[in-house]
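Chemist: So here's final-v5.txt, just compact mmCIF, C-alpha atoms:
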```txt
# COMPACT_ATOMS: atom_id res chain seq x y z
CA MET A 1 -13.43 93.02 -142.88
CA LYS A 2 -12.71 90.00 -145.10
CA THR A 3 -11.53 92.34 -147.86
CA ILE A 4 -9.19 94.11 -145.44
CA ARG A 5 -7.71 90.79 -144.28
CA LEU A 6 -7.12 89.71 -147.86
CA THR A 7 -5.50 93.04 -148.68
CA LEU A 8 -3.17 92.82 -145.66
CA LEU A 9 -2.30 89.21 -146.48
CA THR A 10 -1.49 90.12 -150.06
CA LEU A 11 0.65 93.06 -148.93
CA PHE A 12 2.52 90.91 -146.40
CA THR A 13 3.13 88.11 -148.90
CA THR A 14 4.28 90.48 -151.64
CA THR A 15 6.62 92.31 -149.27
CA GLY A 16 8.07 89.02 -148.05
CA LEU A 17 8.68 87.77 -151.55
CA PHE A 18 10.20 91.11 -152.50
CA ALA A 19 12.60 90.93 -149.55
CA GLN A 20 13.62 87.41 -150.53
CA ASN A 21 14.53 88.67 -153.98
CA LEU A 22 16.90 91.35 -152.73
CA PRO A 23 20.40 90.62 -151.40
CA ASP A 24 21.52 91.78 -147.97
CA TRP A 25 23.04 95.15 -148.80
CA HIS A 26 22.10 96.72 -145.48
CA GLY A 27 19.24 98.61 -147.05
CA ARG A 28 21.27 100.05 -149.90
CA LYS A 29 20.48 99.88 -153.62
CA CYS A 30 23.74 98.31 -154.80
CA ALA A 31 27.04 96.85 -153.65
CA VAL A 32 30.47 98.17 -154.65
CA ALA A 33 33.84 96.53 -154.01
CA LEU A 34 37.11 98.37 -154.58
CA THR A 35 39.89 95.92 -155.40
CA TYR A 36 43.59 96.62 -155.98
CA ASP A 37 46.07 94.20 -157.57
CA ASP A 38 49.79 93.47 -157.26
CA ALA A 39 50.75 94.74 -153.77
CA LEU A 40 51.89 98.14 -155.02
CA GLN A 41 53.37 100.65 -152.62
CA VAL A 42 51.02 103.34 -153.98
CA HIS A 43 48.19 101.29 -152.53
CA LEU A 44 49.65 101.86 -149.08
CA ASP A 45 50.70 105.46 -149.71
CA LYS A 46 47.77 106.78 -151.76
CA ALA A 47 44.81 104.42 -152.02
CA ILE A 48 44.51 103.31 -148.40
CA PRO A 49 44.82 106.84 -146.95
CA ALA A 50 41.98 107.96 -149.25
CA LEU A 51 39.84 105.00 -148.18
CA ASP A 52 40.64 105.52 -144.50
CA ALA A 53 39.72 109.20 -144.70
CA ALA A 54 36.29 108.19 -146.02
CA GLY A 55 35.88 105.26 -143.64
CA LEU A 56 35.74 102.76 -146.51
CA LYS A 57 37.43 99.37 -146.85
CA GLY A 58 39.23 97.96 -149.89
CA THR A 59 40.52 94.58 -151.04
CA PHE A 60 44.21 94.23 -151.87
CA TYR A 61 45.34 91.23 -153.88
CA LEU A 62 48.90 90.36 -152.91
CA ALA A 63 51.34 88.17 -154.83
CA GLY A 64 53.80 86.66 -152.38
CA ASN A 65 57.03 87.54 -154.18
CA PHE A 66 56.15 91.08 -155.29
CA PRO A 67 58.54 93.83 -154.14
CA GLY A 68 55.72 95.95 -152.74
CA LEU A 69 54.80 93.16 -150.35
CA LYS A 70 58.31 92.22 -149.24
CA ALA A 71 59.29 95.86 -148.66
CA ARG A 72 56.21 96.79 -146.63
CA ILE A 73 55.04 93.71 -144.71
CA ALA A 74 54.43 95.68 -141.50
CA ASP A 75 52.32 98.23 -143.40
CA TRP A 76 50.20 95.51 -145.01
CA LYS A 77 49.64 93.97 -141.58
CA ARG A 78 48.47 97.35 -140.30
CA ALA A 79 46.11 97.72 -143.25
CA ALA A 80 44.59 94.33 -142.48
CA ALA A 81 44.27 95.19 -138.79
CA ASN A 82 42.37 98.32 -139.87
CA GLY A 83 39.77 96.26 -141.74
CA HIS A 84 41.12 96.11 -145.28
CA GLU A 85 41.04 92.71 -146.96
CA LEU A 86 44.22 90.92 -148.05
CA GLY A 87 43.42 88.64 -150.99
CA ASN A 88 45.30 85.85 -152.72
CA HIS A 89 46.92 86.76 -156.05
CA THR A 90 49.18 83.67 -156.14
CA LEU A 91 52.83 83.44 -155.17
CA PHE A 92 54.52 84.42 -158.44
CA HIS A 93 51.65 85.99 -160.43
CA PRO A 94 51.84 83.51 -163.34
CA CYS A 95 50.16 84.51 -166.59
CA ALA A 96 49.87 82.76 -169.94
CA GLY A 97 52.62 83.99 -172.24
CA GLY A 98 52.44 84.40 -176.00
CA PRO A 99 52.04 87.16 -178.60
CA GLY A 100 51.48 90.46 -176.82
CA ARG A 101 52.57 88.90 -173.54
CA GLU A 102 56.32 89.10 -174.06
CA TRP A 103 56.66 90.56 -170.56
CA VAL A 104 55.70 87.18 -169.04
CA LYS A 105 58.84 85.55 -167.68
CA PRO A 106 59.39 81.95 -168.88
CA ALA A 107 59.68 80.75 -165.27
CA HIS A 108 56.22 82.15 -164.52
CA ASP A 109 54.47 81.33 -167.79
CA LEU A 110 51.22 79.60 -166.87
CA ASN A 111 51.49 77.57 -170.08
CA SER A 112 54.44 75.68 -168.57
CA TYR A 113 52.86 75.11 -165.15
CA THR A 114 51.62 71.78 -163.89
CA MET A 115 48.38 71.60 -161.93
CA ALA A 116 50.29 70.49 -158.83
CA ARG A 117 52.58 73.52 -159.02
CA ILE A 118 49.86 76.15 -159.31
CA LEU A 119 47.79 74.58 -156.52
CA ASP A 120 50.84 74.45 -154.23
CA GLU A 121 51.67 78.10 -154.94
CA VAL A 122 48.11 79.30 -154.33
CA ARG A 123 47.83 77.37 -151.07
CA MET A 124 51.25 78.59 -149.95
CA THR A 125 50.07 82.16 -150.51
CA ASN A 126 47.02 81.48 -148.36
CA THR A 127 49.35 80.39 -145.57
CA LEU A 128 51.44 83.55 -145.97
CA LEU A 129 48.35 85.76 -145.83
CA GLU A 130 47.00 84.01 -142.76
CA VAL A 131 50.29 84.67 -140.99
CA MET A 132 49.83 88.34 -141.86
CA ASP A 133 46.16 88.85 -140.94
CA SER A 134 45.09 85.75 -138.94
CA GLN A 135 42.06 85.31 -141.22
CA LYS A 136 40.73 81.98 -142.49
CA ASP A 137 38.18 83.18 -145.07
CA ARG A 138 39.86 84.37 -148.26
CA THR A 139 39.10 85.49 -151.80
CA PHE A 140 41.21 84.97 -154.89
CA ALA A 141 42.01 87.01 -158.00
CA PHE A 142 43.22 85.39 -161.22
CA PRO A 143 46.47 87.00 -162.43
CA CYS A 144 45.74 88.41 -165.89
CA GLY A 145 42.36 86.69 -165.69
CA ASP A 146 44.02 83.43 -166.84
CA ARG A 147 42.54 80.25 -165.39
CA MET A 148 43.74 77.29 -167.45
CA VAL A 149 46.56 74.87 -166.58
CA GLU A 150 47.04 71.60 -168.45
CA GLY A 151 43.76 72.29 -170.23
CA LYS A 152 41.76 72.57 -166.99
CA ASN A 153 40.51 75.41 -164.82
CA TYR A 154 42.94 75.39 -161.91
CA TYR A 155 40.44 77.07 -159.59
CA ASP A 156 38.11 74.06 -159.58
CA PRO A 157 40.25 71.90 -157.24
CA ILE A 158 40.73 74.76 -154.76
CA LYS A 159 37.37 76.54 -154.91
CA ASN A 160 36.47 75.28 -151.45
CA ASP A 161 39.55 77.10 -150.11
CA PHE A 162 37.93 80.43 -151.03
CA VAL A 163 34.67 82.30 -150.67
CA ALA A 164 34.92 83.65 -154.23
CA ALA A 165 37.30 84.51 -157.06
CA ARG A 166 37.52 87.76 -159.02
CA GLY A 167 37.99 87.86 -162.77
CA VAL A 168 38.66 90.66 -165.27
CA ILE A 169 35.55 90.99 -167.45
CA SER A 170 34.29 94.57 -167.31
CA ARG A 171 30.65 94.03 -166.43
CA MET A 172 28.28 94.52 -163.50
CA GLN A 173 25.60 91.99 -162.68
CA LYS A 174 22.65 91.40 -160.40
CA ALA A 175 23.38 89.15 -157.45
CA GLU A 176 21.38 86.21 -158.80
CA ASN A 177 23.47 86.09 -161.99
CA ILE A 178 26.94 86.26 -160.43
CA ASP A 179 29.33 83.33 -160.81
CA LEU A 180 31.31 83.39 -157.57
CA THR A 181 34.08 81.36 -159.19
CA ASN A 182 34.81 84.23 -161.61
CA VAL A 183 33.21 87.51 -160.55
CA ASP A 184 33.29 90.28 -163.15
CA ALA A 185 35.24 93.47 -162.46
CA TYR A 186 35.86 96.72 -164.33
CA VAL A 187 39.55 97.10 -165.11
CA ILE A 188 40.41 100.76 -164.52
CA ASN A 189 43.05 102.37 -166.70
CA GLY A 190 42.91 106.11 -167.23
CA GLN A 191 39.21 106.60 -166.52
CA THR A 192 38.12 109.89 -165.00
CA GLY A 193 36.34 110.18 -161.70
CA GLU A 194 33.16 111.07 -163.56
CA GLN A 195 33.37 107.93 -165.69
CA MET A 196 33.80 105.73 -162.63
CA ILE A 197 31.00 107.54 -160.82
CA ASP A 198 28.73 106.91 -163.82
CA LEU A 199 29.30 103.18 -163.30
CA VAL A 200 28.21 103.52 -159.68
CA LYS A 201 25.08 105.40 -160.77
CA GLN A 202 24.31 102.58 -163.19
CA ALA A 203 24.74 100.03 -160.39
CA ILE A 204 22.34 102.04 -158.19
CA ALA A 205 19.75 102.18 -160.96
CA THR A 206 19.94 98.43 -161.64
CA ASN A 207 20.50 97.11 -158.09
CA SER A 208 23.73 95.49 -159.26
CA VAL A 209 27.07 94.40 -157.86
CA LEU A 210 29.92 96.57 -159.13
CA VAL A 211 33.56 95.59 -158.66
CA PHE A 212 36.41 97.95 -159.53
CA LEU A 213 39.84 96.53 -160.41
CA PHE A 214 42.70 98.99 -159.86
CA HIS A 215 46.43 98.61 -160.35
CA GLY A 216 48.36 101.87 -160.20
CA VAL A 217 46.81 104.74 -158.26
CA GLY A 218 48.88 107.78 -159.11
CA GLY A 219 51.66 105.70 -160.68
CA GLU A 220 53.80 102.56 -160.22
CA HIS A 221 51.99 100.53 -162.91
CA ASN A 222 51.25 100.87 -166.61
CA LEU A 223 47.57 100.31 -165.81
CA ASN A 224 46.91 103.43 -163.81
CA VAL A 225 44.30 105.87 -162.55
CA ASP A 226 45.15 109.40 -161.51
CA GLU A 227 45.16 109.80 -157.74
CA ALA A 228 42.79 112.78 -157.87
CA GLU A 229 40.31 110.83 -160.03
CA HIS A 230 40.44 107.91 -157.61
CA LYS A 231 39.65 110.31 -154.75
CA LYS A 232 36.62 111.63 -156.65
CA LEU A 233 35.21 108.11 -156.78
CA VAL A 234 35.93 107.46 -153.10
CA GLN A 235 34.34 110.75 -152.09
CA PHE A 236 31.24 110.01 -154.17
CA LEU A 237 30.88 106.61 -152.51
CA LYS A 238 31.15 108.23 -149.09
CA GLN A 239 28.62 110.92 -149.96
CA HIS A 240 26.14 108.32 -151.25
CA GLU A 241 26.61 105.68 -148.55
CA LYS A 242 22.84 105.65 -147.94
CA GLU A 243 22.41 104.26 -151.46
CA VAL A 244 25.66 102.36 -151.96
CA TRP A 245 27.08 99.61 -149.77
CA THR A 246 30.85 99.86 -150.26
CA ALA A 247 32.54 96.84 -148.72
CA SER A 248 35.42 94.45 -149.15
CA PHE A 249 35.14 91.95 -151.97
CA LEU A 250 34.96 89.23 -149.31
CA ASP A 251 31.94 90.80 -147.61
CA VAL A 252 30.18 91.43 -150.91
CA ALA A 253 30.83 87.83 -152.00
CA ARG A 254 29.49 86.52 -148.69
CA SER A 255 26.32 88.55 -149.18
CA VAL A 256 25.87 87.26 -152.74
CA LYS A 257 26.50 83.67 -151.63
CA THR A 258 23.92 83.90 -148.84
CA PHE A 259 21.41 85.49 -151.19
CA GLN A 260 21.88 82.81 -153.85
CA GLN A 261 21.57 80.00 -151.29
CA THR A 262 18.38 81.54 -149.89
CA ARG A 263 16.86 81.80 -153.36
CA GLN A 264 17.71 78.16 -154.06
CA THR A 265 16.14 77.04 -150.79
CA THR A 266 13.02 79.13 -151.40
CA ALA A 267 12.64 77.74 -154.93
CA LYS A 268 12.53 74.14 -153.69
```
Turn the structure described in the file into structure tokens.

Modeler:
Amino acid sequence: MKTIRLTLLTLFTTTGLFAQNLPDWHGRKCAVALTYDDALQVHLDKAIPALDAAGLKGTFYLAGNFPGLKARIADWKRAAANGHELGNHTLFHPCAGGPGREWVKPAHDLNSYTMARILDEVRMTNTLLEVMDSQKDRTFAFPCGDRMVEGKNYYDPIKNDFVAARGVISRMQKAENIDLTNVDAYVINGQTGEQMIDLVKQAIATNSVLVFLFHGVGGEHNLNVDEAEHKKLVQFLKQHEKEVWTASFLDVARSVKTFQQTRQTTAK
């Protein structure tokens, strides 16, 4: 009887510790977030219909002055009302100019920004997005992955305004290793459905967080994925929803944040 009690105690303790070392992915093996940058009209016309057909939600990073936002405000509001996330991609999408970045307009060259200007523009975009979707919690995406203004990371003073920020490094990570101030994401440009699906399979095998970063979906941007290839990925995610938790970047970030806080509390 004593041996049985010890065995049950060991099993209970081990199971409890195991549960504490897994993030809340609703019983799935990995988390996937589909993110889309630059408020493109193809997101509304091609990406969102594919997601809606599969019952999946995406995250759309909007820059306040982009034509695809100004031309389709009512459609973006409808997307938000249907559960898709609207994320902050700044007001004017400033990037650091220089060699190879000749397309960066001087007026929106991050190298010429002051800290006060970038913070004002980011916070103004938050206000715009709240008017559109009535949400307080928000995530951020660095335009071009650039983070430095006046020699400092401009996200640091505003990090409490956001749940997390998405970067551009093509890498997946386990929840305990994720830096929520600069979450890695695979930039998609010309990959096939099979190549993207292979990334999901890798995330399943390693219990990782996988974030996709799309621009064009069937056109409208020089960084582009074919619409049919995008649909292959979406269909795979739907077919494997018992293994893969596909959610907005906001929901994935919340899950990672809760998991990391629980681990820290348990370690004390």

Chemist: Taking only residues of stretch 49-167 of chain A that have an atom at most 12 Å from an atom of stretch 221-232 of chain A, what is each one's shortest atom pair and its distance in Å to one decimal, using all atoms listed in the file, in chain and number order, as a Markdown table?

Modeler:
```
| residue | atom | partner | partner_atom | distance |
| --- | --- | --- | --- | --- |
| A:Pro49 | CA | A:Lys231 | CA | 10.0 |
| A:Ala50 | CA | A:Lys231 | CA | 6.4 |
| A:Leu51 | CA | A:Lys231 | CA | 8.4 |
| A:Asp52 | CA | A:Lys231 | CA | 11.4 |
| A:Ala53 | CA | A:Lys231 | CA | 10.1 |
| A:Ala54 | CA | A:Lys231 | CA | 9.6 |
| A:Leu56 | CA | A:Lys231 | CA | 11.8 |
| A:Gly68 | CA | A:His221 | CA | 11.8 |
```

Chemist: Write out the residues from the selection above, keeping C-alpha atoms, as a PDB file, in the coordinates of the input.

Modeler:
```
ATOM      1  CA  PRO A  49      44.820 106.840-146.950  1.00  0.00           C
ATOM      2  CA  ALA A  50      41.980 107.960-149.250  1.00  0.00           C
ATOM      3  CA  LEU A  51      39.840 105.000-148.180  1.00  0.00           C
ATOM      4  CA  ASP A  52      40.640 105.520-144.500  1.00  0.00           C
ATOM      5  CA  ALA A  53      39.720 109.200-144.700  1.00  0.00           C
ATOM      6  CA  ALA A  54      36.290 108.190-146.020  1.00  0.00           C
ATOM      7  CA  LEU A  56      35.740 102.760-146.510  1.00  0.00           C
ATOM      8  CA  GLY A  68      55.720  95.950-152.740  1.00  0.00           C
TER       9      GLY A  68
END
```

Chemist: Report, in Å with one decimal, the straight-line distance from atom CA of A:Asp75 to atom CA of A:Arg123.

Modeler: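 Computing it gives 22.7 Å between the two atoms.
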
Chemist: From the list A:Arg138, A:Arg117, A:Lys257, A:Lys105, which residue is nearest A:Glu85 when using only C-alpha atoms?

Modeler: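 Closest candidate: A:Arg138.
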
Chemist: Could you pull the residues within 9 Å of A:Val149, counting only C-alpha atoms, minus those fewer than 4 positions along the same chain, as a list in words?

Modeler: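 The residues that qualify are Leu110, Asn111, Ser112, Tyr113, Thr114, Met115, Ile118, Asn153 and Tyr154 of chain A.
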
Chemist: Here is a test: counting only C-alpha atoms, which residue of A:Phe214, A:Thr127, A:Leu62, A:Met148 is nearest to A:Cys95?

Modeler: A:Met148

Chemist: Show which residues sit within 12 Å of A:Lys159, as a CSV table (one decimal) with C-alpha atoms, keeping the file's coordinate frame. Count only C-alpha atoms, and ignore same-chain residues fewer than 5 positions away.

Modeler:
```csv
chain,number,residue,atom,x,y,z
A,119,LEU,CA,47.8,74.6,-156.5
A,122,VAL,CA,48.1,79.3,-154.3
A,123,ARG,CA,47.8,77.4,-151.1
A,137,ASP,CA,38.2,83.2,-145.1
A,138,ARG,CA,39.9,84.4,-148.3
A,139,THR,CA,39.1,85.5,-151.8
A,140,PHE,CA,41.2,85.0,-154.9
A,141,ALA,CA,42.0,87.0,-158.0
A,153,ASN,CA,40.5,75.4,-164.8
A,154,TYR,CA,42.9,75.4,-161.9
A,164,ALA,CA,34.9,83.6,-154.2
A,165,ALA,CA,37.3,84.5,-157.1
A,166,ARG,CA,37.5,87.8,-159.0
A,180,LEU,CA,31.3,83.4,-157.6
A,181,THR,CA,34.1,81.4,-159.2
A,182,ASN,CA,34.8,84.2,-161.6
```

Chemist: In terms of the shortest atom-to-atom distance over all atoms listed in the file, which of A:Lys70, A:Gly218, A:Glu176, A:Glu121 is closest to A:Ile158?

Modeler: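 Answer, going by the shortest atom-to-atom distance: A:Glu121.
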
Chemist: Using only C-alpha atoms, collect all residues at a distance of at most 8 Å from (55.5, 84.2, -153.0) as written in the file, then present them as a list in words.

Modeler: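 Here is the list of nearby residues: Ala63, Gly64, Asn65, Phe66, Thr90, Leu91, Phe92, Glu121, Met124 and Thr125 of chain A.
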
Chemist: Looking at A:His215, A:Lys174, A:His84, A:Lys136, which one is nearest to A:Lys57, with distances taken over only C-alpha atoms?

Modeler: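 Looking at the shortest contact to A:Lys57, the residue is A:His84.
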
Chemist: Could you give me, as a list in words, the residues that sit within 12 Å of (25.8, 107.4, -148.3) in the file's coordinates, counting all atoms listed in the file?

Modeler: His26, Gly27, Arg28, Lys29, Cys30, Ala31, Ala54, Gly55, Leu56, Ile204, Val234, Gln235, Phe236, Leu237, Lys238, Gln239, His240, Glu241, Lys242, Glu243, Val244, Trp245 and Thr246 of chain A

Chemist: Hey, can you check how far atom CA of A:Ile188 sits from atom CA of A:His93?

Modeler: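 If I compute the distance from atom CA of A:Ile188 to atom CA of A:His93, I get 19.0 Å.
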
Chemist: Using Å and a single decimal, report how far atom CA of A:Val32 sits from atom CA of A:Ala203.

Modeler: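 Calculated distance between atom CA of A:Ala203 and atom CA of A:Val32 is 8.3 Å.
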
Chemist: I'd like to know which of A:Gln202, A:Ser248, A:Asn207, A:Asn160 is closest to A:Gly83, using all atoms listed in the file.

Modeler: A:Ser248

Chemist: Between A:Ile169, A:Leu250, A:Ala71, A:Val217, which has the minimum distance to A:His43 (counting all atoms listed in the file)?

Modeler: A:Val217

Chemist: Excluding A:Met132 and residues on its chain fewer than 3 positions from it, collect all residues at most 10 Å away from it, counting only C-alpha atoms, and give them as a compact mmCIF listing (two decimals) with C-alpha atoms, in the coordinates of the input.

Modeler:
```txt
# COMPACT_ATOMS: atom_id res chain seq x y z
CA ILE A 73 55.04 93.71 -144.71
CA ALA A 74 54.43 95.68 -141.50
CA TRP A 76 50.20 95.51 -145.01
CA LYS A 77 49.64 93.97 -141.58
CA ARG A 78 48.47 97.35 -140.30
CA ALA A 80 44.59 94.33 -142.48
CA ALA A 81 44.27 95.19 -138.79
CA LEU A 86 44.22 90.92 -148.05
CA ASN A 126 47.02 81.48 -148.36
CA THR A 127 49.35 80.39 -145.57
CA LEU A 128 51.44 83.55 -145.97
CA LEU A 129 48.35 85.76 -145.83
CA GLN A 135 42.06 85.31 -141.22
```
